[in-house]
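Asks: protein_29.cif is reproduced below (mmCIF, C-alpha atoms).
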data_structure
loop_
_atom_site.label_atom_id
_atom_site.label_comp_id
_atom_site.auth_asym_id
_atom_site.auth_seq_id
_atom_site.Cartn_x
_atom_site.Cartn_y
_atom_site.Cartn_z
CA MET A 9 -15.93 -7.88 -31.93
CA PHE A 10 -14.13 -8.15 -35.28
CA ARG A 11 -11.38 -10.73 -35.23
CA SER A 12 -8.74 -8.15 -36.27
CA ARG A 13 -9.77 -5.90 -33.39
CA ARG A 14 -9.48 -8.73 -30.88
CA ALA A 15 -6.10 -9.78 -32.29
CA GLY A 16 -4.91 -6.19 -31.90
CA LEU A 17 -5.87 -6.21 -28.22
CA VAL A 18 -3.97 -9.45 -27.68
CA ARG A 19 -0.87 -7.97 -29.31
CA ARG A 20 -1.13 -4.90 -27.05
CA LEU A 21 -1.41 -7.16 -24.01
CA TRP A 22 1.65 -9.17 -24.97
CA ARG A 23 3.73 -6.01 -25.44
CA GLN A 24 2.97 -4.95 -21.84
CA ARG A 25 4.41 -8.07 -20.19
CA CYS A 26 7.22 -7.74 -17.66
CA ALA A 27 10.58 -7.18 -19.28
CA ALA A 28 12.46 -9.46 -16.92
CA PRO A 29 11.21 -13.05 -16.72
CA SER A 30 11.72 -15.18 -13.63
CA PRO A 31 14.92 -17.28 -13.56
CA GLU A 32 13.10 -20.46 -14.63
CA ASP A 33 11.26 -18.80 -17.50
CA GLY A 34 12.75 -17.67 -20.76
CA HIS A 35 11.07 -15.00 -22.87
CA GLY A 36 7.85 -16.38 -24.29
CA ALA A 37 7.60 -19.34 -21.90
CA LEU A 38 4.23 -18.10 -20.66
CA LYS A 39 2.94 -17.19 -24.12
CA PRO A 40 0.95 -20.39 -24.81
CA ALA A 41 -0.74 -20.25 -21.41
CA ALA A 42 -1.45 -16.52 -21.73
CA HIS A 43 -2.98 -16.82 -25.21
CA ALA A 44 -5.09 -19.76 -24.06
CA LEU A 45 -6.47 -17.58 -21.26
CA PHE A 46 -7.05 -14.60 -23.58
CA LYS A 47 -9.21 -16.82 -25.81
CA LYS A 48 -11.46 -17.62 -22.84
CA LEU A 49 -12.10 -13.98 -22.00
CA LYS A 50 -15.13 -12.20 -23.37
CA ASP A 51 -14.57 -9.12 -25.50
CA GLU A 52 -15.45 -6.76 -22.61
CA GLU A 53 -13.05 -8.51 -20.24
CA LEU A 54 -10.26 -8.37 -22.81
CA GLU A 55 -10.70 -4.60 -23.21
CA LEU A 56 -10.74 -4.11 -19.44
CA LEU A 57 -7.53 -6.10 -19.11
CA VAL A 58 -5.83 -3.94 -21.75
CA GLN A 59 -6.87 -0.77 -19.88
CA ALA A 60 -5.56 -2.14 -16.59
CA VAL A 61 -2.14 -3.29 -17.80
CA GLU A 62 -1.49 -0.26 -20.02
CA SER A 63 -2.16 2.15 -17.14
CA ARG A 64 -0.20 -0.11 -14.75
CA GLY A 65 -2.93 0.22 -12.17
CA ALA A 66 -2.84 4.03 -12.10
CA ARG A 67 -6.41 4.25 -13.36
CA GLU A 68 -9.37 2.45 -11.86
CA SER A 69 -10.40 -0.61 -13.84
CA GLY A 70 -13.17 -3.15 -13.51
CA CYS A 71 -12.95 -6.83 -12.69
CA VAL A 72 -11.80 -9.22 -15.41
CA TRP A 73 -13.93 -12.33 -14.94
CA VAL A 74 -12.97 -15.85 -15.86
CA ALA A 75 -14.91 -19.01 -15.10
CA ARG A 76 -13.78 -20.77 -11.97
CA GLY A 77 -12.75 -24.40 -11.94
CA GLU A 78 -12.33 -24.96 -15.68
CA PRO A 79 -9.75 -27.60 -16.59
CA ARG A 80 -6.59 -25.69 -17.49
CA GLY A 81 -4.75 -28.34 -19.46
CA ALA A 82 -1.07 -28.46 -20.25
CA LYS A 83 -0.92 -24.98 -21.77
CA GLN A 84 -2.38 -23.27 -18.71
CA ALA A 85 -1.04 -25.04 -15.65
CA LEU A 86 -1.19 -21.87 -13.53
CA PRO A 87 -4.37 -20.39 -11.99
CA PRO A 88 -5.50 -17.37 -14.06
CA GLN A 89 -4.76 -14.77 -11.37
CA VAL A 90 -1.25 -16.19 -10.81
CA LEU A 91 -0.56 -16.34 -14.56
CA LEU A 92 -1.51 -12.69 -15.18
CA CYS A 93 0.16 -11.35 -12.03
CA ARG A 94 3.31 -13.22 -13.00
CA LEU A 95 3.14 -11.94 -16.56
CA TYR A 96 2.47 -8.27 -15.73
CA ARG A 97 3.68 -7.66 -12.19
CA TRP A 98 5.78 -10.26 -10.34
CA PRO A 99 7.70 -12.74 -12.55
CA ASP A 100 8.83 -14.70 -9.47
CA LEU A 101 5.29 -15.32 -8.20
CA ARG A 102 4.49 -18.99 -7.59
CA GLN A 103 1.34 -19.64 -5.54
CA PRO A 104 -2.13 -18.05 -5.13
CA HIS A 105 -1.66 -17.74 -1.36
CA GLU A 106 1.04 -15.12 -2.00
CA LEU A 107 -1.68 -12.80 -3.31
CA LYS A 108 -4.41 -10.75 -1.68
CA HIS A 109 -7.41 -9.21 -3.41
CA LEU A 110 -7.57 -5.45 -2.98
CA SER A 111 -10.60 -4.18 -1.12
CA TYR A 112 -12.28 -2.65 -4.16
CA CYS A 113 -12.24 -5.90 -6.15
CA GLN A 114 -15.71 -7.43 -6.32
CA SER A 115 -14.32 -10.89 -5.68
CA ALA A 116 -12.35 -9.83 -2.59
CA GLY A 117 -12.76 -12.31 0.20
CA GLY A 118 -9.41 -13.62 1.31
CA ARG A 119 -5.87 -14.45 0.33
CA GLY A 120 -6.19 -15.35 -3.30
CA GLY A 121 -9.68 -16.74 -2.81
CA CYS A 122 -13.04 -15.50 -3.96
CA GLY A 123 -15.55 -17.59 -2.05
CA ASP A 124 -17.87 -19.94 -3.92
CA ALA A 125 -18.70 -17.69 -6.88
CA ALA A 126 -18.86 -19.26 -10.33
CA ALA A 127 -16.27 -16.79 -11.63
CA LEU A 128 -13.19 -15.09 -10.23
CA CYS A 129 -11.43 -11.84 -11.05
CA CYS A 130 -8.00 -12.15 -12.61
CA ASN A 131 -7.23 -8.45 -13.13
CA PRO A 132 -3.56 -8.30 -12.06
CA HIS A 133 -4.02 -4.79 -10.66
CA HIS A 134 -6.81 -5.96 -8.35
CA PHE A 135 -4.20 -7.89 -6.37
CA SER A 136 -1.39 -7.06 -4.02
CA ARG A 137 1.37 -9.31 -2.88
CA LEU A 138 1.47 -10.19 0.81
CA ALA A 139 4.47 -8.79 2.61
CA ALA A 140 6.45 -11.58 4.28
CA PRO A 141 8.42 -11.07 7.50
CA GLU A 142 11.82 -9.72 6.56
CA THR A 143 15.25 -10.19 8.10
CA PRO A 144 16.11 -6.78 9.52
CA PRO A 145 19.39 -5.13 8.56
CA PRO A 146 22.08 -4.87 11.23
CA PRO A 147 21.61 -2.09 13.79
CA TYR A 148 22.83 1.28 12.65
CA SER A 149 26.30 2.04 13.98
CA LYS A 150 26.93 5.64 14.95
CA THR A 151 30.44 6.99 14.53
CA SER A 152 31.79 10.26 15.83
CA VAL A 153 28.78 12.24 14.71
CA GLY A 154 25.63 12.28 16.76
CA PRO A 155 22.05 12.15 15.50
CA TYR A 156 21.18 14.96 13.18
CA TRP A 157 18.20 17.06 14.19
CA PRO A 158 17.35 19.54 11.44
CA ASP A 159 16.70 23.09 12.52
CA LEU A 160 13.29 23.44 10.98
CA PRO A 161 11.19 26.60 11.09
CA GLU A 162 7.95 26.36 12.99
CA PRO A 163 5.23 28.38 11.24
CA PRO A 164 2.67 30.06 13.49
CA GLY A 165 -0.11 27.70 14.42
CA SER A 166 1.76 24.57 13.30
CA GLN A 167 1.19 21.36 15.26
CA LEU A 168 4.31 19.76 16.74
CA LEU A 169 4.61 16.14 17.78
CA GLU A 170 6.52 16.25 21.03
CA PHE A 171 8.20 13.16 22.40
CA GLY A 172 5.75 13.19 25.28
CA CYS A 173 2.98 12.59 22.69
CA ASN A 174 0.60 15.30 23.79
CA ARG A 175 -2.44 14.43 21.66
CA ALA A 176 -4.98 16.90 22.87
CA ASP A 177 -5.52 18.08 19.30
CA THR A 178 -5.33 14.78 17.43
CA SER A 179 -7.02 12.29 19.74
CA LEU A 180 -10.29 10.72 18.64
CA SER A 181 -13.28 10.86 20.91
CA ARG A 182 -15.94 8.19 21.30
CA SER A 183 -18.30 10.40 19.33
CA ALA A 184 -16.27 9.50 16.22
CA VAL A 185 -18.39 6.41 15.66
CA LYS A 186 -21.53 8.55 15.65
CA ASP A 187 -19.89 10.96 13.21
CA GLY A 188 -19.39 8.09 10.79
CA TYR A 189 -15.60 7.91 10.30
CA TRP A 190 -13.36 5.01 11.28
CA CYS A 191 -10.05 6.86 11.33
CA LYS A 192 -8.41 10.24 10.87
CA LEU A 193 -5.20 10.88 8.96
CA ALA A 194 -2.50 13.38 9.89
CA TYR A 195 0.31 14.26 7.50
CA TRP A 196 3.67 15.30 8.96
CA GLU A 197 6.92 16.73 7.64
CA HIS A 198 9.57 15.98 10.25
CA ARG A 199 8.01 17.31 13.48
CA THR A 200 5.49 19.65 11.88
CA ARG A 201 1.98 18.63 10.99
CA VAL A 202 0.85 20.02 7.65
CA GLY A 203 -2.83 20.58 6.94
CA ARG A 204 -5.85 19.48 8.91
CA LEU A 205 -6.87 16.04 10.05
CA TYR A 206 -8.54 14.08 7.26
CA ALA A 207 -11.56 12.03 8.36
CA VAL A 208 -12.11 8.75 6.49
CA HIS A 209 -15.74 7.71 6.07
CA GLU A 210 -15.46 5.13 3.28
CA ALA A 211 -14.13 1.61 3.79
CA SER A 212 -10.95 2.50 1.87
CA VAL A 213 -9.04 5.66 1.02
CA ASN A 214 -6.18 6.58 -1.33
CA VAL A 215 -3.35 8.70 0.12
CA PHE A 216 -1.28 10.14 -2.73
CA CYS A 217 0.54 13.04 -4.31
CA GLU A 218 -0.14 12.19 -7.95
CA LEU A 219 -3.00 10.00 -9.09
CA PRO A 220 -4.47 10.43 -12.59
CA GLN A 221 -7.85 9.09 -11.57
CA GLY A 222 -9.51 8.56 -8.22
CA SER A 223 -10.16 10.43 -5.01
CA GLY A 224 -8.87 10.49 -1.46
CA PHE A 225 -6.33 12.38 0.65
CA CYS A 226 -4.18 14.34 -1.81
CA LEU A 227 -0.92 15.32 -0.13
CA GLY A 228 0.14 17.24 -3.22
CA GLN A 229 -2.43 19.95 -2.42
CA LEU A 230 -1.04 20.61 1.07
CA ARG A 231 1.08 23.75 1.25
CA ALA A 232 3.81 24.48 3.78
CA ALA A 233 6.25 27.36 4.12
CA ASN A 234 10.01 26.87 3.85
CA ARG A 235 10.05 23.21 2.88
CA SER A 236 13.54 21.73 3.03
CA GLU A 237 15.15 20.05 0.05
CA ALA A 238 14.93 16.69 1.85
CA VAL A 239 11.16 17.08 2.21
CA ARG A 240 10.75 18.08 -1.43
CA ARG A 241 12.73 15.04 -2.57
CA ALA A 242 10.72 12.71 -0.35
CA ARG A 243 7.41 14.17 -1.54
CA GLY A 244 8.53 13.53 -5.10
CA LYS A 245 8.69 9.81 -4.27
CA ILE A 246 5.16 9.50 -2.87
CA GLY A 247 3.52 9.35 -6.30
CA ARG A 248 0.44 7.10 -6.16
CA GLY A 249 1.02 6.65 -2.46
CA LEU A 250 -0.91 3.95 -0.65
CA LEU A 251 -4.37 2.50 -0.22
CA LEU A 252 -5.73 2.12 3.32
CA SER A 253 -8.67 -0.21 3.78
CA ARG A 254 -10.71 -1.29 6.77
CA GLU A 255 -11.45 -4.98 6.36
CA PRO A 256 -12.78 -7.72 8.66
CA GLY A 257 -10.37 -8.03 11.57
CA GLY A 258 -8.15 -5.08 10.87
CA VAL A 259 -6.70 -2.36 8.66
CA TRP A 260 -4.55 -3.05 5.59
CA ALA A 261 -2.09 -0.82 3.72
CA TYR A 262 -1.25 -1.41 0.05
CA ASN A 263 1.83 0.33 -1.33
CA ARG A 264 0.83 1.83 -4.69
CA SER A 265 3.98 3.93 -5.12
CA GLU A 266 7.27 3.04 -6.80
CA HIS A 267 9.23 3.29 -3.54
CA PRO A 268 9.06 1.44 -0.21
CA ILE A 269 6.99 2.58 2.72
CA PHE A 270 7.92 1.92 6.35
CA VAL A 271 5.28 1.00 8.91
CA ASN A 272 5.17 0.94 12.70
CA SER A 273 2.13 -0.40 14.54
CA PRO A 274 1.62 -1.84 18.03
CA THR A 275 0.03 -4.96 16.49
CA LEU A 276 2.43 -5.53 13.59
CA GLY A 277 5.34 -7.19 15.39
CA PRO A 278 5.41 -10.73 16.79
CA PRO A 279 3.53 -11.25 20.09
CA GLY A 280 5.59 -10.12 23.05
CA THR A 281 7.74 -7.75 21.00
CA ARG A 282 9.08 -4.93 23.16
CA GLY A 283 11.43 -3.12 20.82
CA LEU A 284 10.53 -0.69 18.07
CA ALA A 285 9.57 -2.76 15.01
CA VAL A 286 9.56 -0.86 11.72
CA HIS A 287 8.51 -2.94 8.71
CA LYS A 288 9.53 -2.21 5.13
CA VAL A 289 6.75 -2.72 2.59
CA LEU A 290 7.87 -2.87 -1.03
CA PRO A 291 5.90 -1.44 -3.98
CA GLY A 292 2.93 -3.61 -4.89
CA TYR A 293 2.83 -5.31 -1.48
CA SER A 294 0.20 -5.22 1.27
CA VAL A 295 0.46 -5.64 5.01
CA LYS A 296 -2.10 -5.78 7.81
CA VAL A 297 -1.02 -2.69 9.72
CA PHE A 298 -3.52 -3.03 12.56
CA ASP A 299 -5.16 -6.11 14.05
CA TYR A 300 -8.29 -5.39 16.09
CA GLU A 301 -8.08 -8.66 18.02
CA ARG A 302 -4.49 -8.11 19.10
CA ALA A 303 -5.25 -4.50 19.95
CA GLY A 304 -7.43 -5.68 22.83
CA CYS A 305 -4.31 -6.95 24.63
CA LEU A 306 -2.40 -3.65 24.47
CA ALA A 307 -3.59 -1.88 27.62
CA GLY A 308 -0.79 0.31 28.92
CA TRP A 309 1.29 -0.08 25.75
CA ARG A 310 4.07 2.48 25.41
CA HIS A 311 5.78 3.46 22.20
CA PRO A 312 9.50 2.67 22.64
CA GLY A 313 11.53 5.87 22.78
CA ASP A 314 8.65 8.25 22.16
CA GLY A 315 6.82 8.08 25.48
CA PRO A 316 3.17 7.03 25.93
CA CYS A 317 1.18 7.09 22.69
CA ASP A 318 -2.24 6.07 21.49
CA PRO A 319 -2.20 2.26 21.07
CA ASN A 320 -4.78 2.65 18.29
CA SER A 321 -2.46 4.54 15.95
CA VAL A 322 -0.21 3.56 13.04
CA ARG A 323 2.73 5.47 11.60
CA ILE A 324 3.85 5.20 7.98
CA SER A 325 6.90 6.92 6.51
CA PHE A 326 7.25 7.45 2.77
CA ALA A 327 10.54 6.20 1.26
CA LYS A 328 12.60 6.65 4.46
CA GLY A 329 12.94 4.19 7.34
CA TRP A 330 13.63 4.89 10.98
CA GLY A 331 14.40 3.05 14.21
CA PRO A 332 17.32 0.98 15.55
CA CYS A 333 18.36 -0.21 12.07
CA TYR A 334 18.51 3.26 10.50
CA SER A 335 20.34 6.52 11.02
CA ARG A 336 17.00 8.17 11.82
CA GLN A 337 16.10 6.98 15.31
CA PHE A 338 12.67 8.61 15.49
CA ILE A 339 9.92 9.01 12.91
CA THR A 340 10.07 12.75 13.48
CA SER A 341 13.42 12.62 11.64
CA CYS A 342 11.65 11.30 8.51
CA PRO A 343 10.85 13.95 5.88
CA CYS A 344 7.27 12.82 5.10
CA TRP A 345 5.10 10.53 7.15
CA LEU A 346 1.50 9.69 7.88
CA GLU A 347 -0.23 9.08 11.18
CA ILE A 348 -3.38 6.96 11.22
CA LEU A 349 -5.56 7.62 14.26
CA LEU A 350 -8.08 4.80 14.55
CA ASN A 351 -11.35 4.66 16.39
CA GLN A 352 -11.27 2.27 19.30
CA PRO A 353 -12.09 -1.17 17.79
CA ARG A 354 -15.45 -2.51 18.83
#
Now, as a test, write the supplied structure out as structure tokens.
Replies:
Amino acid sequence: MFRSRRAGLVRRLWRQRCAAPSPEDGHGALKPAAHALFKKLKDEELELLVQAVESRGARESGCVWVARGEPRGAKQALPPQVLLCRLYRWPDLRQPHELKHLSYCQSAGGRGGCGDAAALCCNPHHFSRLAAPETPPPPYSKTSVGPYWPDLPEPPGSQLLEFGCNRADTSLSRSAVKDGYWCKLAYWEHRTRVGRLYAVHEASVNVFCELPQGSGFCLGQLRAANRSEAVRRARGKIGRGLLLSREPGGVWAYNRSEHPIFVNSPTLGPPGTRGLAVHKVLPGYSVKVFDYERAGCLAGWRHPGDGPCDPNSVRISFAKGWGPCYSRQFITSCPCWLEILLNQPR
């Protein structure tokens, strides 16, 4: 590659850095380390990195390989993946163990690790940040008004989620394994299911409203009559949505949107938890929404407040939380939410 062309790519990369540096770093503090890393990248890797950071992860991009274990020296004291994730995504990032490779990265293999390969991927959009346990907000205090239950129209043939959790239509049979899918997805607006069940055959699937490149479960194509303004506003916040992936030991959700998602799963709370635990997952973060090993101890599990439900299911609300800490006590009060119906873990 001509030197002027390569210099132009480096300038484009530097312009895409995060606007707000971390408290300890002034503007340009990472510049020497970043330019030292850029010099080590091959021309192809440099072009891939430009594509990834300019699209902000909206478009699929390949792995950006850098040799593992090279002495970094004073100018590059940070591991390459931490340096680039800090520069382009999370200025407050500190350690590799805060990161997780996304399932489609070729060097995926653990929390910030890539096995014993001679090279590792440092594409910042091939990583998510691990969601840490959060301190829940204080319980929602009701005043003189009671819970609001919207009077929603029920189109003919629509599927309603009753509080008794009658799942004759949405339950998964044991033949699902033979049919080749590991879960089915149901999209809901308040208490009405919209569209058909979506069977997932691949190891990962995108769930989104707007995604410039890629495939998966497109919620933007689902039509429903008489959508409320609250539903339309919530759908406008789904954007790139989330990535669901089946990985060794469980199922992970990566929040690709620009707004939080809220997750409830029988295996997500601490062992022995009896109350309804709804976890907030910020944009760019991942959480293990279902643990196959813990699921084996859930015989007779009941969903608090909603009656008996399938212990192999996960519920995710887009942009709106619910439960004891929110004004919405039940997920059926959330405008847009997703139900993940998993095959029984083997």
Asks: For range 262-266 of chain A, find every residue with an atom within 9 Å (counting all atoms listed in the file), except residues of its own chain fewer than 3 positions away, and show them as a PyMOL selection string.
Replies: chain A and resi 65-66+110+136-137+216+245-253+269+289-296
Asks: Could you give me, as a list in words, the residues within 8 Å of Ala211 in chain A, counting all atoms listed in the file and dropping anything in the same chain fewer than 2 positions from it?
Replies: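 Contacts, with the query itself left out: Val208, His209, Val213, Ser253, Arg254 and Glu255 of chain A.
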Asks: Show me the residues close to (5.9, 1.6, 10.0) - anything with an atom within 6 Å, counting only C-alpha atoms - and format the list as an MDAnalysis selection string.
Replies: chainID A and resid 270:272 286:287 323:324
Asks: Compile the contact shell of His43 in chain A as JSON, numbers by chain: residues with an atom at most 9 Å away, counting all atoms listed in the file, same-chain residues fewer than 5 positions apart removed.
Replies: {"A": [18, 22, 38, 48]}
Asks: Of the candidates A:Arg97, A:Arg20, A:Arg231, A:His198, which one gets nearest to Pro132 in chain A if we count all atoms listed in the file?
Replies: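 Smallest separation from Pro132 in chain A among the options: A:Arg97.
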Asks: Under the PyMOL selection byres ((chain A and resi 321) around 6), which residues of this model are included? Write them out as a list in words.
Replies: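 Taken on the displayed file, the PyMOL selection byres ((chain A and resi 321) around 6) yields the residues Asp318, Pro319, Asn320, Val322, Ile348, Leu349 and Leu350 of chain A.
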